[in-house]
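The block underneath contains the structure these notes are about, expressed in structure tokens.
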Amino acid sequence: MTAAPHIPVLLDEVVAGLAPEAGEVHVDATFGAGGYTRAIAATGARVIAFDRDPDAIREGSGVVADLSDALTLVEAPFSSMAAELAGRDAIPVDGVTMDIGVSSMQLDRADRGFSFQADGPLDMRMSRSGESAADFVNAADEDAIADVLYLYGEEPRSRRVARAIVAARPITRTAELAGVVRRALGHKPHDKKDPATRTFQAIRIHLNRELDELADGLRAAEAVLRPGGRLAVVTFHSLEDRIVKRFMRERSGGTPAGSRHLPAVAAANAPTFETPAKAVKAGEAEVARNPRARSATLRVARRTAAPAWVE
Ligand SMILES: C[S@@+](CC[C@H](N)C(=O)[O-])C[C@H]1O[C@@H](n2cnc3c(N)ncnc32)[C@H](O)[C@@H]1O
């Protein structure tokens, strides 16, 4: 099956927030199909782009071949951004952008195992290494599966789904897992949202440690940005957006007085970011063109000169 090209979300808004200029160096932490990279490079800035998916890097090299001098592609998780940039003598940088989650290519290719709409091996590994979704659902105990579904999928009937998964083992295909979840929860043809959506999201986030990566990536961006450098982050659901929102609020000195949230750390450190602008959502025209944009939220913040926080 051929994957539809990934349409970059909130592209104009991301570029406006990053405000790249000729001669600057920007990090695209989530290269994907290179949509942001291409737009940033078009301003004359140099781009160092990360992706932990070997397919994205391999295909990306072809897609952006014309940018060769302006682009360095790095196959690595963005949590290792500081070490990778230090190794290239590229710190500090002028901008960092992160477009969190999966690309259309990953979702649409059945053999990657992310999709409950097309049958494929139950995989879901962005980096194609480590524990697969099949390893997880066939080996984890029922409580551990239920916790993952509840925490990362916000599945209200997580225990029921976990029980059904354990009873149906071994499960090796995405269609099998989707069928188990639909039967456990009841699936009416007119349901707006497939009941398997939450289970697939949860397992994907768990396996790829997506929320930990995001938190580590934000701290890495704080460490590598120069004073005045810009951070632009696009997320696709509330679990991710909450992490970005809290990080930017805390790092800009906005943690409410008396908050139990890291009070000692917040009191001991000067703000590393200016107060961020309001979050940006996609307009109607973009959502009509690209339904994926509906749930996207962009947050942008500008680095101050204060040293990165030590936690
Ligand atoms: C939504 S897509 C990015 C699309 C890109 N902005 C574009 O315009 O083409 C997300 C990409 O980030 C990659 N990714 C997700 N988490 C990552 C992480 N922690 N480190 C590196 N890459 C990651 C995924 O493999 C995927 O290719």
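In the structure tokens, chains take the letters A, B, ... in the order shown, each chain's residues start at 1, and ligands count up from 1 in the order shown.
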
Test item: residues lying within 7 Å of ligand 1 with only C-alpha atoms and all ligand atoms, as a VMD selection string: chain A and resid 6 to 9 29 to 36 50 to 53 56 76 to 79 99 to 103 126 210 213 to 214

DSSP helix (DSSP H, G or I) residues within stretch 108-273 of chain A, as a PyMOL selection string: chain A and resi 108+110-112+133-139+142-153+158-168+174-185+196-207+210-224+238-251+263-268

Which of these residues is nearest to A:Asp216, using only C-alpha atoms: A:Val25, A:Ala268, A:Ala90, A:Met81?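 When distances to A:Asp216 are compared using only C-alpha atoms, the smallest one comes from A:Met81.
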
Within 12 Å of stretch 183-190 of chain A using only C-alpha atoms, minus same-chain residues under 4 positions, as number ranges by chain: A: 155-168, 176-179, 194-199

With only C-alpha atoms as the counted atoms, please give the residues lying no more than 10 Å from A:Leu225, apart from itself and same-chain residues fewer than 4 positions off, as an mmCIF file with N, CA and C atoms, in the first residue's frame.
data_model
loop_
_atom_site.group_PDB
_atom_site.id
_atom_site.type_symbol
_atom_site.label_atom_id
_atom_site.label_comp_id
_atom_site.auth_asym_id
_atom_site.auth_seq_id
_atom_site.Cartn_x
_atom_site.Cartn_y
_atom_site.Cartn_z
ATOM 1 N N HIS A 26 18.756 25.909 12.723
ATOM 2 C CA HIS A 26 17.518 25.443 13.373
ATOM 3 C C HIS A 26 17.501 23.925 13.461
ATOM 4 N N VAL A 27 16.893 23.438 14.551
ATOM 5 C CA VAL A 27 16.717 21.995 14.721
ATOM 6 C C VAL A 27 15.270 21.645 14.417
ATOM 7 N N ALA A 82 20.907 17.188 22.634
ATOM 8 C CA ALA A 82 22.027 17.982 23.156
ATOM 9 C C ALA A 82 23.351 17.287 22.857
ATOM 10 N N ILE A 91 26.139 23.787 19.084
ATOM 11 C CA ILE A 91 25.399 24.473 20.152
ATOM 12 C C ILE A 91 26.015 25.863 20.333
ATOM 13 N N PRO A 92 25.242 26.944 20.489
ATOM 14 C CA PRO A 92 23.790 26.984 20.577
ATOM 15 C C PRO A 92 23.128 27.086 19.203
ATOM 16 N N VAL A 93 21.822 26.813 19.189
ATOM 17 C CA VAL A 93 21.055 26.939 17.945
ATOM 18 C C VAL A 93 20.033 28.069 18.099
ATOM 19 N N ASP A 94 19.487 28.494 16.950
ATOM 20 C CA ASP A 94 18.571 29.641 16.949
ATOM 21 C C ASP A 94 17.112 29.236 17.082
ATOM 22 N N GLY A 95 16.806 27.986 16.772
ATOM 23 C CA GLY A 95 15.411 27.550 16.884
ATOM 24 C C GLY A 95 15.327 26.043 17.002
ATOM 25 N N VAL A 96 14.275 25.580 17.693
ATOM 26 C CA VAL A 96 13.984 24.141 17.772
ATOM 27 C C VAL A 96 12.497 23.974 17.517
ATOM 28 N N ALA A 220 15.991 19.318 26.577
ATOM 29 C CA ALA A 220 17.137 19.388 25.668
ATOM 30 C C ALA A 220 17.081 20.692 24.871
ATOM 31 N N ALA A 221 15.881 21.081 24.434
ATOM 32 C CA ALA A 221 15.744 22.326 23.669
ATOM 33 C C ALA A 221 16.161 23.515 24.540
ATOM 34 N N GLY A 229 16.541 32.519 21.207
ATOM 35 C CA GLY A 229 16.170 31.397 20.332
ATOM 36 C C GLY A 229 14.708 31.022 20.545
ATOM 37 N N ARG A 230 14.098 30.409 19.533
ATOM 38 C CA ARG A 230 12.658 30.112 19.577
ATOM 39 C C ARG A 230 12.390 28.609 19.630
ATOM 40 N N LEU A 231 11.385 28.260 20.442
ATOM 41 C CA LEU A 231 10.938 26.868 20.554
ATOM 42 C C LEU A 231 9.491 26.800 20.080
ATOM 43 N N THR A 272 13.755 30.587 32.018
ATOM 44 C CA THR A 272 14.559 30.332 30.819
ATOM 45 C C THR A 272 13.787 30.657 29.537
ATOM 46 N N ARG A 302 10.059 31.978 23.580
ATOM 47 C CA ARG A 302 11.381 32.525 23.244
ATOM 48 C C ARG A 302 12.314 32.369 24.444
ATOM 49 N N ARG A 303 13.500 31.882 24.193
ATOM 50 C CA ARG A 303 14.503 31.624 25.241
ATOM 51 C C ARG A 303 15.032 32.938 25.810
ATOM 52 N N THR A 304 15.220 32.966 27.118
ATOM 53 C CA THR A 304 15.900 34.092 27.768
ATOM 54 C C THR A 304 17.390 33.751 27.864
ATOM 55 N N ALA A 305 18.139 34.590 28.572
ATOM 56 C CA ALA A 305 19.581 34.330 28.718
ATOM 57 C C ALA A 305 19.883 33.508 29.968
ATOM 58 N N ALA A 308 20.054 27.003 31.734
ATOM 59 C CA ALA A 308 19.061 25.907 31.785
ATOM 60 C C ALA A 308 18.937 25.412 33.218
#

Quick one: distance from atom CA of A:Thr43 to atom CA of A:Ala215 in Å, one decimal?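 Separation between atom CA of A:Thr43 and atom CA of A:Ala215: 28.8 Å.
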
Among the residues of stretch 84-294 of chain A, find those DSSP assigns to strand (DSSP E) from the backbone and print them as a compact mmCIF listing (two decimals) with all heavy atoms, in the first residue's frame.
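Output (out.txt):
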# COMPACT_ATOMS: atom_id res chain seq x y z
N VAL A 93 21.82 26.81 19.19
CA VAL A 93 21.06 26.94 17.95
C VAL A 93 20.03 28.07 18.10
O VAL A 93 19.74 28.52 19.21
CB VAL A 93 20.34 25.62 17.57
CG1 VAL A 93 21.35 24.52 17.32
CG2 VAL A 93 19.33 25.21 18.64
N ASP A 94 19.49 28.49 16.95
CA ASP A 94 18.57 29.64 16.95
C ASP A 94 17.11 29.24 17.08
O ASP A 94 16.27 30.07 17.42
CB ASP A 94 18.77 30.43 15.64
CG ASP A 94 20.21 30.89 15.48
OD1 ASP A 94 20.59 31.87 16.13
OD2 ASP A 94 20.97 30.22 14.74
N GLY A 95 16.81 27.99 16.77
CA GLY A 95 15.41 27.55 16.88
C GLY A 95 15.33 26.04 17.00
O GLY A 95 16.21 25.32 16.53
N VAL A 96 14.27 25.58 17.69
CA VAL A 96 13.98 24.14 17.77
C VAL A 96 12.50 23.97 17.52
O VAL A 96 11.68 24.67 18.12
CB VAL A 96 14.32 23.56 19.16
CG1 VAL A 96 13.87 22.09 19.26
CG2 VAL A 96 15.81 23.66 19.47
N THR A 97 12.15 23.04 16.63
CA THR A 97 10.74 22.74 16.42
C THR A 97 10.48 21.25 16.60
O THR A 97 11.33 20.42 16.25
CB THR A 97 10.25 23.24 15.04
OG1 THR A 97 8.88 22.92 14.91
CG2 THR A 97 10.98 22.58 13.90
N MET A 98 9.33 20.93 17.20
CA MET A 98 8.95 19.53 17.44
C MET A 98 7.50 19.36 16.99
O MET A 98 6.65 20.17 17.36
CB MET A 98 9.05 19.20 18.93
CG MET A 98 10.41 19.48 19.52
SD MET A 98 10.36 19.56 21.33
CE MET A 98 10.65 17.87 21.70
N ASP A 99 7.25 18.33 16.18
CA ASP A 99 5.91 18.04 15.67
C ASP A 99 5.62 16.61 16.13
O ASP A 99 6.02 15.65 15.48
CB ASP A 99 5.97 18.16 14.13
CG ASP A 99 4.64 17.92 13.45
OD1 ASP A 99 3.61 17.90 14.13
OD2 ASP A 99 4.66 17.77 12.21
N LEU A 225 19.23 26.03 23.07
CA LEU A 225 18.82 27.29 22.43
C LEU A 225 19.65 28.46 22.94
O LEU A 225 19.94 28.57 24.14
CB LEU A 225 17.35 27.57 22.73
CG LEU A 225 16.33 26.84 21.85
CD1 LEU A 225 14.93 26.98 22.44
CD2 LEU A 225 16.35 27.37 20.40
N ARG A 226 19.98 29.36 22.06
CA ARG A 226 20.69 30.59 22.47
C ARG A 226 19.68 31.57 23.07
O ARG A 226 18.47 31.43 22.82
CB ARG A 226 21.39 31.23 21.26
CG ARG A 226 20.43 31.84 20.25
CD ARG A 226 21.14 32.87 19.37
NE ARG A 226 20.33 33.29 18.23
CZ ARG A 226 19.40 34.26 18.26
NH1 ARG A 226 19.10 34.87 19.41
NH2 ARG A 226 18.75 34.60 17.17
N PRO A 227 20.17 32.56 23.84
CA PRO A 227 19.24 33.61 24.29
C PRO A 227 18.55 34.22 23.07
O PRO A 227 19.20 34.54 22.07
CB PRO A 227 20.17 34.62 24.97
CG PRO A 227 21.36 33.82 25.40
CD PRO A 227 21.54 32.75 24.36
N GLY A 228 17.24 34.33 23.11
CA GLY A 228 16.49 34.84 21.96
C GLY A 228 16.05 33.75 20.99
O GLY A 228 15.28 34.00 20.08
N GLY A 229 16.54 32.52 21.21
CA GLY A 229 16.17 31.40 20.33
C GLY A 229 14.71 31.02 20.54
O GLY A 229 14.13 31.29 21.59
N ARG A 230 14.10 30.41 19.53
CA ARG A 230 12.66 30.11 19.58
C ARG A 230 12.39 28.61 19.63
O ARG A 230 13.06 27.83 18.94
CB ARG A 230 11.94 30.69 18.34
CG ARG A 230 11.77 32.19 18.37
CD ARG A 230 13.02 32.96 17.97
NE ARG A 230 13.44 32.78 16.60
CZ ARG A 230 14.64 33.09 16.12
NH1 ARG A 230 15.59 33.59 16.90
NH2 ARG A 230 14.93 32.88 14.84
N LEU A 231 11.39 28.26 20.44
CA LEU A 231 10.94 26.87 20.55
C LEU A 231 9.49 26.80 20.08
O LEU A 231 8.64 27.54 20.58
CB LEU A 231 11.04 26.41 22.01
CG LEU A 231 10.41 25.06 22.37
CD1 LEU A 231 11.13 23.92 21.64
CD2 LEU A 231 10.49 24.81 23.89
N ALA A 232 9.19 25.93 19.11
CA ALA A 232 7.82 25.78 18.60
C ALA A 232 7.45 24.30 18.66
O ALA A 232 8.15 23.46 18.10
CB ALA A 232 7.75 26.28 17.15
N VAL A 233 6.36 23.99 19.38
CA VAL A 233 5.98 22.59 19.58
C VAL A 233 4.53 22.37 19.17
O VAL A 233 3.63 23.09 19.63
CB VAL A 233 6.15 22.17 21.06
CG1 VAL A 233 5.94 20.67 21.20
CG2 VAL A 233 7.51 22.57 21.60
N VAL A 234 4.31 21.38 18.29
CA VAL A 234 2.95 21.02 17.86
C VAL A 234 2.60 19.67 18.48
O VAL A 234 3.37 18.71 18.36
CB VAL A 234 2.87 20.91 16.32
CG1 VAL A 234 1.48 20.44 15.88
CG2 VAL A 234 3.19 22.25 15.68
N THR A 235 1.45 19.60 19.16
CA THR A 235 1.00 18.33 19.74
C THR A 235 -0.39 17.99 19.21
O THR A 235 -1.07 18.85 18.65
CB THR A 235 0.94 18.41 21.28
OG1 THR A 235 0.04 19.45 21.63
CG2 THR A 235 2.30 18.66 21.88
N VAL A 280 -1.94 28.15 19.52
CA VAL A 280 -2.53 28.36 18.19
C VAL A 280 -3.18 27.07 17.71
O VAL A 280 -2.59 25.98 17.83
CB VAL A 280 -1.42 28.77 17.18
CG1 VAL A 280 -1.99 28.96 15.79
CG2 VAL A 280 -0.69 30.01 17.65
N LYS A 281 -4.40 27.17 17.17
CA LYS A 281 -5.09 26.02 16.60
C LYS A 281 -5.25 26.25 15.09
O LYS A 281 -5.21 27.40 14.63
CB LYS A 281 -6.49 25.85 17.22
CG LYS A 281 -6.51 25.77 18.73
CD LYS A 281 -6.06 24.44 19.28
CE LYS A 281 -7.06 23.33 19.06
NZ LYS A 281 -6.56 22.04 19.63

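Between A:Ala42 and the residues A:Arg109, A:Glu24, A:Arg294, A:Asp147, the shortest atom-to-atom distance, using only C-alpha atoms, involves A:Glu24.
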